[in-house]
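Chemist: Dropping in data-v9.cif, which is mmCIF, C-alpha atoms:
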```cif
data_run
#
loop_
_atom_site.label_atom_id
_atom_site.label_comp_id
_atom_site.auth_asym_id
_atom_site.auth_seq_id
_atom_site.Cartn_x
_atom_site.Cartn_y
_atom_site.Cartn_z
CA PHE D 26 113.76 108.09 93.85
CA LEU D 27 110.30 109.06 95.05
CA GLY D 28 108.17 106.88 97.33
CA ARG D 29 105.86 104.36 95.68
CA LYS D 30 107.32 104.85 92.21
CA LYS D 31 109.09 102.05 90.42
CA MET D 32 112.75 101.83 91.34
CA GLU D 33 114.95 101.96 88.29
CA SER D 34 118.43 100.83 87.39
CA LYS D 35 119.76 101.72 83.95
CA THR D 36 118.13 98.68 82.40
CA GLN D 37 115.63 97.24 84.84
CA THR D 38 112.84 98.26 87.20
CA LEU D 39 111.31 96.61 90.22
CA PRO D 40 107.53 96.23 90.13
CA ASP D 41 105.08 97.99 92.43
CA THR D 42 104.25 94.72 94.24
CA VAL D 43 106.64 92.36 96.01
CA GLY D 44 106.04 88.96 97.57
CA VAL D 45 107.84 87.69 100.66
CA ILE D 46 108.00 83.99 101.49
CA GLY D 47 109.07 83.42 105.08
CA VAL D 48 108.54 86.09 107.73
CA GLY D 49 111.13 85.31 110.37
CA THR D 50 113.46 87.86 111.94
CA ILE D 51 115.13 88.94 108.69
CA GLY D 52 111.98 88.74 106.56
CA LYS D 53 110.16 90.93 109.09
CA ALA D 54 113.05 93.43 109.20
CA VAL D 55 113.19 93.73 105.41
CA ILE D 56 109.42 94.27 105.19
CA CYS D 57 109.66 97.01 107.85
CA GLY D 58 112.50 98.62 105.91
CA MET D 59 110.51 98.49 102.68
CA MET D 60 107.50 100.02 104.38
CA LYS D 61 109.59 102.77 105.97
CA ALA D 62 111.04 103.70 102.57
CA LYS D 63 107.64 103.40 100.83
CA LEU D 64 109.21 101.26 98.12
CA PHE D 65 106.15 99.30 96.99
CA LYS D 66 102.43 99.88 96.67
CA LYS D 67 101.74 96.44 98.08
CA ILE D 68 103.65 93.69 99.90
CA ILE D 69 102.18 90.20 99.84
CA CYS D 70 103.60 87.77 102.37
CA SER D 71 103.20 84.09 103.08
CA PRO D 72 101.53 82.94 106.30
CA ARG D 73 104.86 81.51 107.57
CA GLY D 74 105.95 83.19 110.80
CA LYS D 75 102.47 83.75 112.23
CA ALA D 76 103.45 86.03 115.13
CA ASN D 77 105.53 88.30 112.90
CA VAL D 78 102.83 88.40 110.23
CA GLU D 79 100.23 89.43 112.81
CA TYR D 80 102.57 92.15 114.08
CA LEU D 81 103.15 93.51 110.57
CA VAL D 82 99.45 93.49 109.65
CA LYS D 83 98.71 95.48 112.79
CA ARG D 84 101.58 97.90 112.24
CA TYR D 85 100.87 98.48 108.53
CA PRO D 86 97.10 98.26 108.08
CA GLY D 87 96.21 98.15 104.40
CA GLY D 88 99.83 97.94 103.25
CA LEU D 89 100.33 94.23 103.73
CA GLU D 90 98.37 91.36 102.24
CA VAL D 91 98.68 87.87 103.72
CA ALA D 92 98.46 85.06 101.16
CA SER D 93 97.02 81.67 102.00
CA SER D 94 100.09 79.83 100.70
CA ASN D 95 103.56 80.26 99.24
CA GLN D 96 102.18 79.52 95.78
CA GLU D 97 99.64 82.33 96.07
CA VAL D 98 102.55 84.72 96.72
CA ALA D 99 104.27 83.51 93.55
CA ASP D 100 101.03 83.68 91.56
CA LYS D 101 100.48 87.32 92.51
CA CYS D 102 104.08 88.56 92.37
CA LYS D 103 106.82 88.27 89.76
CA PHE D 104 109.31 89.65 92.28
CA VAL D 105 109.64 87.24 95.21
CA VAL D 106 111.82 87.56 98.30
CA LEU D 107 112.82 84.18 99.75
CA ALA D 108 113.45 84.44 103.50
CA VAL D 109 112.96 80.92 104.84
CA LEU D 110 115.41 78.84 106.88
CA PRO D 111 118.32 77.31 104.93
CA LYS D 112 117.15 73.77 105.60
CA GLN D 113 113.74 74.62 104.11
CA SER D 114 114.92 76.71 101.16
CA LEU D 115 115.31 74.09 98.42
CA ALA D 116 112.10 72.24 99.28
CA VAL D 117 110.11 75.49 99.46
CA THR D 118 111.55 76.76 96.18
CA SER D 119 111.13 73.53 94.22
CA ALA D 120 107.49 73.30 95.35
CA LEU D 121 106.69 76.64 93.70
CA GLU D 122 105.36 76.88 90.16
CA LEU D 123 107.55 79.65 88.77
CA THR D 124 108.09 81.10 85.30
CA ARG D 125 110.97 82.75 83.46
CA GLU D 126 109.33 86.07 84.28
CA HIS D 127 109.86 85.53 88.01
CA LYS D 128 112.83 87.12 89.75
CA ILE D 129 113.92 85.93 93.19
CA LEU D 130 115.81 87.80 95.88
CA THR D 131 117.18 85.22 98.31
CA LEU D 132 118.02 86.19 101.87
CA VAL D 133 118.86 82.57 102.73
CA ALA D 134 122.31 81.98 104.15
CA VAL D 135 124.38 78.88 103.27
CA THR D 136 122.18 77.58 100.41
CA LYS D 137 124.12 78.12 97.18
CA THR D 138 122.64 80.21 94.39
CA LYS D 139 123.29 77.46 91.81
CA ASP D 140 121.22 75.02 93.89
CA LEU D 141 118.40 77.55 94.24
CA LEU D 142 118.45 78.15 90.47
CA GLN D 143 118.04 74.45 89.86
CA ALA D 144 115.14 74.29 92.32
CA ALA D 145 113.50 77.42 90.88
CA ALA D 146 113.60 76.40 87.20
CA PRO D 147 112.38 77.71 84.79
CA CYS D 148 113.01 80.94 86.77
CA ASN D 149 116.59 81.85 85.94
CA THR D 150 117.16 85.10 87.82
CA ILE D 151 118.23 84.96 91.46
CA VAL D 152 120.09 87.65 93.37
CA ARG D 153 121.40 87.23 96.90
CA ALA D 154 121.29 89.81 99.69
CA VAL D 155 122.54 89.71 103.27
CA PRO D 156 120.68 92.33 105.30
CA LEU D 157 120.92 92.62 109.09
CA PRO D 158 117.93 93.18 111.40
CA CYS D 159 118.78 96.90 111.62
CA VAL D 160 117.70 97.25 107.97
CA ALA D 161 114.23 97.76 109.45
CA GLU D 162 115.36 101.21 110.62
CA HIS D 163 117.55 101.86 107.56
CA GLU D 164 120.75 101.30 109.53
CA GLY D 165 123.76 99.16 108.64
CA ILE D 166 124.62 97.94 105.15
CA THR D 167 123.47 95.04 102.97
CA ILE D 168 125.63 92.76 100.81
CA VAL D 169 124.18 92.12 97.34
CA SER D 170 125.49 89.68 94.71
CA PRO D 171 126.36 88.77 91.99
CA LYS D 172 127.83 91.83 90.32
CA GLY D 173 126.92 92.57 86.71
CA LEU D 174 123.23 91.64 86.52
CA PRO D 175 120.64 94.37 85.84
CA PHE D 176 118.49 92.82 88.60
CA THR D 177 121.44 93.10 90.99
CA ASP D 178 121.69 96.82 90.25
CA ALA D 179 117.98 97.25 90.97
CA ILE D 180 118.27 95.34 94.27
CA ALA D 181 121.34 97.34 95.29
CA SER D 182 119.43 100.55 94.58
CA MET D 183 116.59 99.26 96.73
CA PHE D 184 118.88 98.58 99.68
CA ASP D 185 120.61 101.93 99.17
CA ARG D 186 117.30 103.40 100.28
CA MET D 187 117.33 101.12 103.32
CA GLY D 188 120.73 102.02 104.77
CA GLY D 189 123.22 101.21 102.03
CA SER D 190 124.63 98.36 99.95
CA VAL D 191 127.90 96.83 98.82
CA VAL D 192 127.89 94.60 95.72
CA ALA D 193 129.95 91.40 95.76
CA LYS D 194 131.30 89.82 92.58
CA ASP D 195 129.85 86.36 93.25
CA ASP D 196 128.79 83.91 95.99
CA ALA D 197 132.40 83.34 97.06
CA GLU D 198 133.08 87.05 97.58
CA CYS D 199 129.69 87.46 99.25
CA GLN D 200 130.59 84.71 101.74
CA VAL D 201 133.85 86.42 102.72
CA LEU D 202 131.97 89.65 103.48
CA GLN D 203 129.12 87.78 105.14
CA ALA D 204 131.51 85.96 107.50
CA SER D 205 131.98 89.26 109.37
CA THR D 206 128.32 89.18 110.43
CA CYS D 207 129.31 86.38 112.83
CA LEU D 208 130.92 89.09 114.98
CA MET D 209 127.51 90.50 115.88
CA GLY D 210 126.96 87.89 118.63
CA PRO D 211 130.46 88.37 120.12
CA PHE D 212 129.89 92.13 120.02
CA TYR D 213 126.73 91.78 122.09
CA ALA D 214 128.54 89.37 124.43
CA MET D 215 131.34 91.94 124.89
CA GLN D 216 128.79 94.62 125.76
CA ALA D 217 127.11 92.26 128.22
CA ALA D 218 130.48 91.54 129.88
CA CYS D 219 131.23 95.28 130.12
CA THR D 220 127.81 95.92 131.64
CA LYS D 221 128.37 93.23 134.29
CA TRP D 222 131.72 94.82 135.15
CA MET D 223 130.04 98.22 135.53
CA VAL D 224 127.31 96.76 137.76
CA LYS D 225 129.96 95.27 140.07
CA LYS D 226 131.43 98.78 140.31
CA GLY D 227 128.08 100.21 141.41
CA ILE D 228 126.50 101.33 138.12
CA GLU D 229 122.80 100.60 137.54
CA HIS D 230 122.37 97.86 134.93
CA LYS D 231 120.06 99.94 132.71
CA ASP D 232 122.44 102.92 132.87
CA GLY D 233 125.37 100.75 131.86
CA MET D 234 123.47 99.34 128.88
CA LYS D 235 122.23 102.78 127.82
CA TYR D 236 125.71 104.25 127.91
CA LEU D 237 127.45 101.36 126.14
CA SER D 238 124.89 101.11 123.34
CA GLY D 239 125.02 104.86 122.76
CA MET D 240 128.81 105.04 123.01
CA PHE D 241 129.39 102.23 120.49
CA THR D 242 126.79 103.74 118.15
CA GLY D 243 128.89 106.89 118.14
CA VAL D 244 132.11 104.95 117.56
CA ALA D 245 130.54 103.12 114.61
CA ALA D 246 129.33 106.41 113.14
CA ASP D 247 132.84 107.86 113.41
CA ALA D 248 134.29 104.79 111.68
CA ARG D 249 131.78 104.99 108.83
CA ALA D 250 132.51 108.69 108.33
CA ALA D 251 136.25 108.03 108.31
CA VAL D 252 135.93 105.31 105.67
CA ALA D 253 133.78 107.63 103.53
CA GLU D 254 136.59 110.19 103.74
CA GLY D 255 139.14 107.65 102.50
CA ARG D 256 140.75 106.82 105.84
CA SER D 257 141.34 103.27 107.09
CA PHE D 258 140.72 101.46 110.36
CA GLU D 259 144.49 101.33 110.81
CA ASP D 260 144.48 105.13 110.61
CA LEU D 261 141.90 105.28 113.40
CA VAL D 262 144.00 102.98 115.59
CA LYS D 263 147.07 105.18 115.04
CA GLU D 264 145.07 108.26 116.04
CA GLN D 265 144.70 107.02 119.61
CA THR D 266 146.63 109.14 122.09
CA PRO D 267 150.20 107.82 122.62
CA GLY D 268 150.39 106.40 126.12
CA GLY D 269 146.63 106.90 126.51
CA LEU D 270 143.90 104.55 127.70
CA ASN D 271 142.88 103.31 124.26
CA GLU D 272 146.43 102.59 123.13
CA GLY D 273 147.02 100.71 126.38
CA CYS D 274 143.95 98.56 125.88
CA VAL D 275 144.92 97.78 122.28
CA LYS D 276 148.29 96.54 123.55
CA ILE D 277 146.64 94.34 126.19
CA LEU D 278 144.40 92.73 123.55
CA GLU D 279 147.30 92.30 121.14
CA LYS D 280 149.42 90.67 123.86
CA ASN D 281 146.62 88.17 124.51
CA ALA D 282 146.09 87.48 120.78
CA VAL D 283 142.47 88.63 120.99
CA PHE D 284 142.50 89.99 117.45
CA ASP D 285 143.79 86.63 116.19
CA LYS D 286 140.71 85.06 117.79
CA TYR D 287 138.54 87.40 115.73
CA LYS D 288 140.24 86.03 112.62
CA GLU D 289 139.59 82.52 113.92
CA CYS D 290 135.89 83.37 114.23
CA LEU D 291 135.86 84.69 110.66
CA GLY D 292 137.50 81.50 109.40
CA TYR D 293 134.95 79.38 111.28
CA ALA D 294 132.03 81.36 109.83
CA LEU D 295 133.43 81.22 106.29
CA GLY D 296 133.85 77.47 106.56
CA ARG D 297 130.22 77.11 107.63
CA LEU D 298 129.00 79.35 104.83
CA ARG D 299 130.94 77.39 102.22
CA GLY D 300 129.77 74.08 103.60
#
```
Mind turning this structure into structure tokens?
Modeler:
Amino acid sequence: FLGRKKMESKTQTLPDTVGVIGVGTIGKAVICGMMKAKLFKKIICSPRGKANVEYLVKRYPGGLEVASSNQEVADKCKFVVLAVLPKQSLAVTSALELTREHKILTLVAVTKTKDLLQAAAPCNTIVRAVPLPCVAEHEGITIVSPKGLPFTDAIASMFDRMGGSVVAKDDAECQVLQASTCLMGPFYAMQAACTKWMVKKGIEHKDGMKYLSGMFTGVAADARAAVAEGRSFEDLVKEQTPGGLNEGCVKILEKNAVFDKYKECLGYALGRLRG
């Protein structure tokens, strides 16, 4: 695809203008990712999230239009991204005057697609996506669902230009994949704990953070490359030097059932997502 041209799937295109309702952390990140990829001629956003909106207007002068209301976004755009809080999503959607020509991309966690479809009637096309904040820099990967819709293919193609996408069959499959995003907080907490340990051993705090963030970025890149080559995470574990430091640490964590706790976290997150 070329910048600022319509993005095409086999049967459907995305328009040159997109509207975004709700400019919180994820809404802001998606807008930055869209701007970086030059996906649309114009992005029209709601006034929700004042500080983020002001930041985006300053960063992208002339590329972002701020509407006076959510309805103005819907009036000007047939493609609308919904990025409000879950507790606000149904009320915000039902208050909009939408048509069958509208297509909605929801970034809202928890709220079920069937409930959003009821609130959005007569609009009958809603696709779900689960981007992470790093989508702003075209890093990471975004879950898109449901599989089989032309609009889904177009959205997946869009996110392919913003880091990558994986398409889930339906909401249930999407929730299983999405549960893993709950490990982001524990990952940061683990890095914080490692940094504190380094500081107690005499390392400067900023040096510890710089090294850990860079080291884990490299590890993640190696894992992604391995998966692309057809190898598994189990293969990577087996590649650790027998009797080496990494193998020893894996055994310590296994002995203390740490990996079982990760599964417990996933089960907790899935339960929350499914309500």
Chemist: Give me, please, the distance in Å between atom CA of D:Glu272 and atom CA of D:Lys286, quoted to one decimal.
Modeler: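 Interatomic distance, atom CA of D:Glu272 to atom CA of D:Lys286: 19.2 Å.
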Chemist: Could you tell me how far atom CA of D:Gln113 sits from atom CA of D:Thr136, in Å to one decimal place?
Modeler: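 Between these atoms lies a distance of 9.7 Å.
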Chemist: Select, counting all atoms listed in the file, all protein, DNA and RNA residues no farther than 9 Å from (127.2, 82.5, 97.2) in file coordinates, and express the selection as a PyMOL selection string.
Modeler: chain D and resi 134-139+153+170-171+195-200+298-299
Chemist: Using only C-alpha atoms for the distances, tell me which of D:Leu202, D:Ala282, D:Ala248, D:Met234 is nearest to D:Leu295.
Modeler: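 Of the candidates, the smallest distance to D:Leu295 is held by D:Leu202.
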Chemist: Atom CA of D:Asp41 and atom CA of D:Leu141 are how many Å apart?
Modeler: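 These two atoms are separated by 24.5 Å.
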Chemist: Choose the residue, out of D:Ile69, D:Ala154, D:Met60, D:Ile180, that has the smallest atom-to-atom separation from D:Asp100; count all atoms listed in the file.
Modeler: D:Ile69
